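Chemist: Got a structure here, written out as structure tokens. Questions coming.
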Amino acid sequence: MEKYDIVVIGGGPAGVTIAEQIRKENKNMSVCILSDEKVLPYYRLRLGHYLQNPIDEKFFLKSLEWYQINNIKLMLNSKVEECNLKEKFVVSRGQNIEWNYLIIASGSKPYLPEHLQNKDLQNFVFTFRNYEDLLALKKRLLQAGKVVIVGAGLLGLELASALEGKEIIIIELSERILPKQLDEVASFLLGEHIVKKGIKIILNNKIENAEPFQSGLKITLSSGQAIECDILIFSTGVVPNTEFIKSPENILNSKKGIEVNYKMQTKISNVYACGDVAHIDGQNPGTWTFALESAKIVAKNILGFETFYQNMPLPYFLKAFGLEIVSAGDMQNLQDANILEFLDKSKMIYKKFVVKNDKLTAYLLLNDTKTHLQLSKFLNSHVDIKLLENLLK
């Protein structure tokens, strides 16, 4: 049986960030990362880029040498089968691994409706979340000309952008694209831009049925419309990876993940959770920014530097179809708000600032994002309206 000061479940950005932060302050604590992937931890946000590009060293968060130099035990292809919180050990590949501190950074898996998990559909229906998905999709895309993507969220749009050149149809349940991140103006501008790229968007619809048809698929939408395609890619949300937690000391919040406080600590003092799997303040932030921030908070608290999550609105980023978008704060609740806007449709530039009680509560930048860092410092703080007016220009 092996024992480590710190065991991290998950080899994503949160897990690697924890190890990196621990090593910056402490060279002696033993650290083990358990990853169920077969390859080194990588930039999940860049998966789309590598669909039509060869995988290179830029895909990975750190080199193998970095783990060796920093004396971090990285165990690949090591799915956690059991997590015993009372006796402080986890089981992976039949081996018991003890810990003093446990960090659960196991991430999430894509949601796929049960009626699409049919074996007859496995060569045509894909999710796109990890390295294995990337390899399977790269191979299948070589013979695919017509692709249907379900979900016009950030990941779905990035995926559609990466597949430009194919015949692409995007199916979205909502009345417009990115309803949480964008207002109606930005949704319309982005949608119009995407359509001009030759991509079709179908709103207010979901997949009711899918069946093999000739060499591909025939799918039926809730509107009754039938579409033939070569492959169907589902990108409509994720579910936290918590199936290995079956301990009596229940730290789960139903299907929403692992409940944590502002220290990213579970109700068991030496057990933490961060990244996609963490449920805090009634939500799963589930962004790359939150994964890194929450991981740093975990590391600092383990090291004895009491640190709390500030629960500031986290920005959303989209870089696709030749455009850049940054959105932060609540773009939907605009009652009693002072709205500052700028639109230059010829250049596809749109800016919107939301001010309530002299505080900047939200901002949206379409295709002119250079003021993002400056605006992020003002978010939820008092701000001079004249300054914001100057930033609109």
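Residue names in the structure tokens use chain letters A, B, ... in the order shown, residue numbers from 1 in each chain, and ligand numbers from 1 in the order shown.
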Tell me, as an NGL selection string, which residues lie within 6 Å of segment 327-334 of chain A, counting only C-alpha atoms; anything in the same chain fewer than 3 positions away does not count.
Modeler: :A and (181 or 313 or 315-316 or 337 or 361-364)
Chemist: Go ahead and write the selection's residues with N, CA and C atoms as a compact mmCIF listing (two decimals), in the first residue's frame.
Modeler:
```
# COMPACT_ATOMS: atom_id res chain seq x y z
N GLN A 181 -25.06 33.74 -21.70
CA GLN A 181 -23.89 34.59 -21.81
C GLN A 181 -24.14 35.88 -22.59
N PRO A 313 -18.43 37.05 -10.20
CA PRO A 313 -18.89 36.53 -11.50
C PRO A 313 -17.69 36.17 -12.38
N PRO A 315 -15.89 35.26 -15.91
CA PRO A 315 -16.13 35.58 -17.33
C PRO A 315 -16.24 34.32 -18.19
N TYR A 316 -17.00 34.43 -19.24
CA TYR A 316 -17.10 33.38 -20.26
C TYR A 316 -16.39 33.88 -21.51
N ALA A 337 -31.65 49.03 -14.25
CA ALA A 337 -30.23 49.13 -14.60
C ALA A 337 -30.00 50.27 -15.59
N THR A 361 -22.33 45.67 -12.97
CA THR A 361 -22.78 44.32 -12.61
C THR A 361 -22.61 43.31 -13.74
N ALA A 362 -22.40 43.80 -14.97
CA ALA A 362 -22.20 42.89 -16.09
C ALA A 362 -21.60 43.65 -17.26
N TYR A 363 -20.88 42.92 -18.11
CA TYR A 363 -20.40 43.52 -19.35
C TYR A 363 -20.30 42.45 -20.43
N LEU A 364 -20.39 42.92 -21.66
CA LEU A 364 -20.36 42.04 -22.82
C LEU A 364 -19.53 42.70 -23.90
```
Chemist: Please provide as a ChimeraX atom specification all residues within 9 Å of Leu340 of chain A, with the sequence filter that same-chain residues fewer than 6 positions apart are discarded (counting only C-alpha atoms).
Modeler: /A:351-355,388-389,392
Chemist: Write the residues of the selection above to a file with C-alpha atoms, as a PDB file, in the first residue's frame.
Modeler:
```
ATOM      1  CA  LYS A 351     -20.240  46.411 -26.330  1.00  0.00           C
ATOM      2  CA  LYS A 352     -22.679  46.497 -23.453  1.00  0.00           C
ATOM      3  CA  PHE A 353     -22.153  47.572 -19.832  1.00  0.00           C
ATOM      4  CA  VAL A 354     -24.798  47.081 -17.123  1.00  0.00           C
ATOM      5  CA  VAL A 355     -24.680  49.452 -14.138  1.00  0.00           C
ATOM      6  CA  LEU A 388     -17.270  53.393 -18.916  1.00  0.00           C
ATOM      7  CA  GLU A 389     -18.428  55.771 -21.626  1.00  0.00           C
ATOM      8  CA  LEU A 392     -17.287  52.153 -25.172  1.00  0.00           C
TER       9      LEU A 392
END
```
Chemist: Write down as a ChimeraX atom specification the residues of segment 215-342 of chain A whose backbone DSSP state falls under strand (DSSP E).
Modeler: /A:216-221,226-229,231-234,238-240,258-259,271-273,278-279,316-320,323-329,338-342
Chemist: Using only C-alpha atoms, find each residue of segment 55-121 of chain A with at least one atom at most 10 Å away from an atom of segment 285-294 of chain A; report its shortest atom-to-atom pair and that distance in Å (one decimal), sort the rows by chain and rising residue number, and return the result as a tab-separated table.
Modeler:
```
residue	atom	partner	partner_atom	distance
A:Ala105	CA	A:Ala291	CA	8.7
A:Gly107	CA	A:Gly286	CA	8.8
A:Ser108	CA	A:Gly286	CA	8.9
```
Chemist: For the selection you just gave me, I'd like the residues written to a file as a PDB file, in the first residue's frame, keeping C-alpha atoms.
Modeler:
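Full text of again.pdb as output:
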```pdb
ATOM      1  CA  ALA A 105     -10.909  17.152  -9.038  1.00  0.00           C
ATOM      2  CA  GLY A 107     -14.188  16.799 -13.557  1.00  0.00           C
ATOM      3  CA  SER A 108     -17.320  15.939 -15.478  1.00  0.00           C
TER       4      SER A 108
END
```
Chemist: Could you list, as a list in words, every residue within 8 Å of segment 300-312 of chain A, counting only C-alpha atoms and ignoring same-chain residues fewer than 5 positions away?
Modeler: Gln21, Ile22, Glu25, Asn26, Tyr101, Tyr262, Lys263, Met264, Ser294 and Asn380 of chain A
Chemist: Hey, can you spit out that residue selection with C-alpha atoms as a PDB file, in the first residue's frame?
Modeler:
```pdb
ATOM      1  CA  GLN A  21       0.890  25.436  -6.313  1.00  0.00           C
ATOM      2  CA  ILE A  22       1.918  22.949  -3.619  1.00  0.00           C
ATOM      3  CA  GLU A  25       5.593  26.540  -1.475  1.00  0.00           C
ATOM      4  CA  ASN A  26       6.573  23.082  -0.282  1.00  0.00           C
ATOM      5  CA  TYR A 101      -5.362  15.115   2.250  1.00  0.00           C
ATOM      6  CA  TYR A 262     -15.698  28.834   0.539  1.00  0.00           C
ATOM      7  CA  LYS A 263     -12.429  27.034   1.312  1.00  0.00           C
ATOM      8  CA  MET A 264     -13.416  24.408  -1.270  1.00  0.00           C
ATOM      9  CA  SER A 294     -10.640  26.832  -6.967  1.00  0.00           C
ATOM     10  CA  ASN A 380     -19.468  44.481  -8.767  1.00  0.00           C
TER      11      ASN A 380
END
```
Chemist: Given the choices A:Lys109, A:Lys3, A:Arg176, A:Lys58, which gets closest to Phe234 of chain A if the distance is worked out from only C-alpha atoms?
Modeler: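 For Phe234 of chain A, the nearest of the given residues is A:Lys109.
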Chemist: May I have the residues within 7 Å of Val91 of chain A as an MDAnalysis selection string, using only C-alpha atoms and disregarding those fewer than 4 positions away in the same chain?
Modeler: chainID A and resid 80:83 95:97
Chemist: Interatomic distance between atom CA of Ile72 of chain A and atom CA of Asn28 of chain A?
Modeler: 10.5 Å
Chemist: From the list A:Ser161, A:Leu47, A:Ser92, A:Ala186, which residue is nearest Asp133 of chain A when using only C-alpha atoms?
Modeler: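 Answer, going by the shortest atom-to-atom distance: A:Leu47.
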Chemist: Of the candidates A:Ser235, A:Thr127, A:Gln117, A:Lys27, which one gets nearest to Ile170 of chain A if we count only C-alpha atoms?
Modeler: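 Looking only at the distances to Ile170 of chain A, the closest residue turns out to be A:Ser235.
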Chemist: Can you list, as a PyMOL selection string, every protein, DNA or RNA residue that comes within 12 Å of Leu154 of chain A when you count only C-alpha atoms, leaving out same-chain residues fewer than 2 positions away?
Modeler: chain A and resi 45+48+150-152+156-161+172+177-182+235-237+286-288+316-320+324-327
Chemist: Output N, CA and C atoms for every residue in that selection, as a tab-separated table (two decimals), in the first residue's frame.
Modeler:
```tsv
chain	number	residue	atom	x	y	z
A	45	LEU	N	-9.75	22.74	-23.48
A	45	LEU	CA	-10.32	23.79	-24.32
A	45	LEU	C	-9.78	23.75	-25.75
A	48	GLY	N	-10.99	20.99	-29.76
A	48	GLY	CA	-11.53	21.29	-31.08
A	48	GLY	C	-10.47	21.62	-32.11
A	150	VAL	N	-25.54	19.00	-31.57
A	150	VAL	CA	-26.65	19.33	-30.68
A	150	VAL	C	-26.11	20.17	-29.53
A	151	GLY	N	-26.57	21.41	-29.46
A	151	GLY	CA	-26.14	22.33	-28.41
A	151	GLY	C	-25.36	23.50	-28.96
A	152	ALA	N	-25.93	24.70	-28.81
A	152	ALA	CA	-25.26	25.92	-29.28
A	152	ALA	C	-24.68	26.69	-28.09
A	156	GLY	N	-20.30	23.73	-28.02
A	156	GLY	CA	-20.90	23.39	-29.30
A	156	GLY	C	-20.48	24.35	-30.40
A	157	LEU	N	-20.43	25.63	-30.09
A	157	LEU	CA	-20.03	26.63	-31.09
A	157	LEU	C	-18.55	26.52	-31.42
A	158	GLU	N	-17.72	26.28	-30.41
A	158	GLU	CA	-16.29	26.09	-30.67
A	158	GLU	C	-16.06	24.88	-31.56
A	159	LEU	N	-16.84	23.84	-31.32
A	159	LEU	CA	-16.73	22.62	-32.12
A	159	LEU	C	-17.15	22.90	-33.57
A	160	ALA	N	-18.25	23.62	-33.75
A	160	ALA	CA	-18.71	23.95	-35.09
A	160	ALA	C	-17.67	24.78	-35.83
A	161	SER	N	-17.04	25.70	-35.12
A	161	SER	CA	-16.00	26.54	-35.74
A	161	SER	C	-14.81	25.69	-36.18
A	172	GLU	N	-30.42	23.61	-31.38
A	172	GLU	CA	-30.41	24.25	-30.06
A	172	GLU	C	-31.82	24.27	-29.48
A	177	ILE	N	-29.03	31.51	-29.43
A	177	ILE	CA	-27.77	30.90	-29.04
A	177	ILE	C	-27.16	31.65	-27.84
A	178	LEU	N	-26.49	30.91	-26.99
A	178	LEU	CA	-25.84	31.43	-25.79
A	178	LEU	C	-26.75	32.36	-24.98
A	179	PRO	N	-27.93	31.89	-24.59
A	179	PRO	CA	-28.86	32.77	-23.86
A	179	PRO	C	-28.35	33.21	-22.49
A	180	LYS	N	-27.49	32.41	-21.86
A	180	LYS	CA	-26.96	32.77	-20.54
A	180	LYS	C	-25.85	33.80	-20.64
A	181	GLN	N	-25.06	33.74	-21.70
A	181	GLN	CA	-23.89	34.59	-21.81
A	181	GLN	C	-24.14	35.88	-22.59
A	182	LEU	N	-25.11	35.86	-23.52
A	182	LEU	CA	-25.31	37.00	-24.41
A	182	LEU	C	-26.71	37.60	-24.26
A	235	SER	N	-23.44	18.02	-27.49
A	235	SER	CA	-22.70	18.97	-26.66
A	235	SER	C	-23.68	19.84	-25.89
A	236	THR	N	-24.41	19.19	-24.97
A	236	THR	CA	-25.51	19.88	-24.29
A	236	THR	C	-25.38	19.88	-22.78
A	237	GLY	N	-24.19	19.87	-22.27
A	237	GLY	CA	-24.04	19.90	-20.82
A	237	GLY	C	-23.24	18.73	-20.30
A	286	GLY	N	-18.24	25.51	-13.24
A	286	GLY	CA	-17.91	24.71	-14.41
A	286	GLY	C	-17.14	25.41	-15.52
A	287	THR	N	-16.31	26.40	-15.20
A	287	THR	CA	-15.51	27.06	-16.22
A	287	THR	C	-14.03	26.77	-15.99
A	288	TRP	N	-13.24	27.02	-17.03
A	288	TRP	CA	-11.79	26.86	-16.93
A	288	TRP	C	-11.24	27.80	-15.85
A	316	TYR	N	-17.00	34.43	-19.24
A	316	TYR	CA	-17.10	33.38	-20.26
A	316	TYR	C	-16.39	33.88	-21.51
A	317	PHE	N	-15.64	32.99	-22.13
A	317	PHE	CA	-14.87	33.35	-23.33
A	317	PHE	C	-15.29	32.47	-24.50
A	318	LEU	N	-15.39	33.08	-25.66
A	318	LEU	CA	-15.62	32.32	-26.88
A	318	LEU	C	-14.73	32.89	-27.97
A	319	LYS	N	-13.95	32.02	-28.57
A	319	LYS	CA	-13.12	32.41	-29.72
A	319	LYS	C	-13.45	31.43	-30.83
A	320	ALA	N	-14.26	31.88	-31.76
A	320	ALA	CA	-14.74	30.99	-32.83
A	320	ALA	C	-15.23	31.81	-34.01
A	324	GLU	N	-14.14	37.07	-31.28
A	324	GLU	CA	-13.83	36.88	-29.86
A	324	GLU	C	-14.95	37.51	-29.05
A	325	ILE	N	-15.40	36.79	-28.03
A	325	ILE	CA	-16.47	37.28	-27.16
A	325	ILE	C	-16.07	37.06	-25.70
A	326	VAL	N	-16.30	38.08	-24.88
A	326	VAL	CA	-16.15	37.95	-23.43
A	326	VAL	C	-17.44	38.44	-22.79
A	327	SER	N	-17.96	37.65	-21.86
A	327	SER	CA	-19.19	38.02	-21.16
A	327	SER	C	-19.02	37.72	-19.68
```
Chemist: Once you count only C-alpha atoms, what closest atom pair and distance in Å to one decimal does each residue of segment 243-346 of chain A within 9 Å of segment 188-204 of chain A have, with rows by chain and rising residue number, as a tab-separated table?
Modeler:
```
residue	atom	partner	partner_atom	distance
A:Phe321	CA	A:Ile194	CA	7.0
A:Leu323	CA	A:Leu190	CA	8.7
A:Lys345	CA	A:Leu189	CA	8.1
```
Chemist: Now that the selection is made, can you save its residues with N, CA and C atoms as a PDB file, in the first residue's frame?
Modeler:
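Once written, again.pdb looks like this:
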```
ATOM      1  N   PHE A 321     -15.197  31.195 -35.169  1.00  0.00           N
ATOM      2  CA  PHE A 321     -15.689  31.808 -36.406  1.00  0.00           C
ATOM      3  C   PHE A 321     -15.018  33.153 -36.692  1.00  0.00           C
ATOM      4  N   LEU A 323     -14.236  35.364 -34.496  1.00  0.00           N
ATOM      5  CA  LEU A 323     -14.699  36.365 -33.535  1.00  0.00           C
ATOM      6  C   LEU A 323     -14.190  36.042 -32.133  1.00  0.00           C
ATOM      7  N   LYS A 345     -22.026  47.496 -36.588  1.00  0.00           N
ATOM      8  CA  LYS A 345     -22.341  46.228 -37.253  1.00  0.00           C
ATOM      9  C   LYS A 345     -21.391  45.938 -38.406  1.00  0.00           C
TER      10      LYS A 345
END
```
Chemist: Just to confirm, what's the straight-line distance from atom CA of Phe89 of chain A to atom CA of Cys274 of chain A in Å (one decimal)?
Modeler: 18.8 Å
Chemist: Could you please determine the separation between atom CA of Ser223 of chain A and atom CA of Val148 of chain A in Å, to one decimal place?
Modeler: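 So the answer is 15.9 Å.
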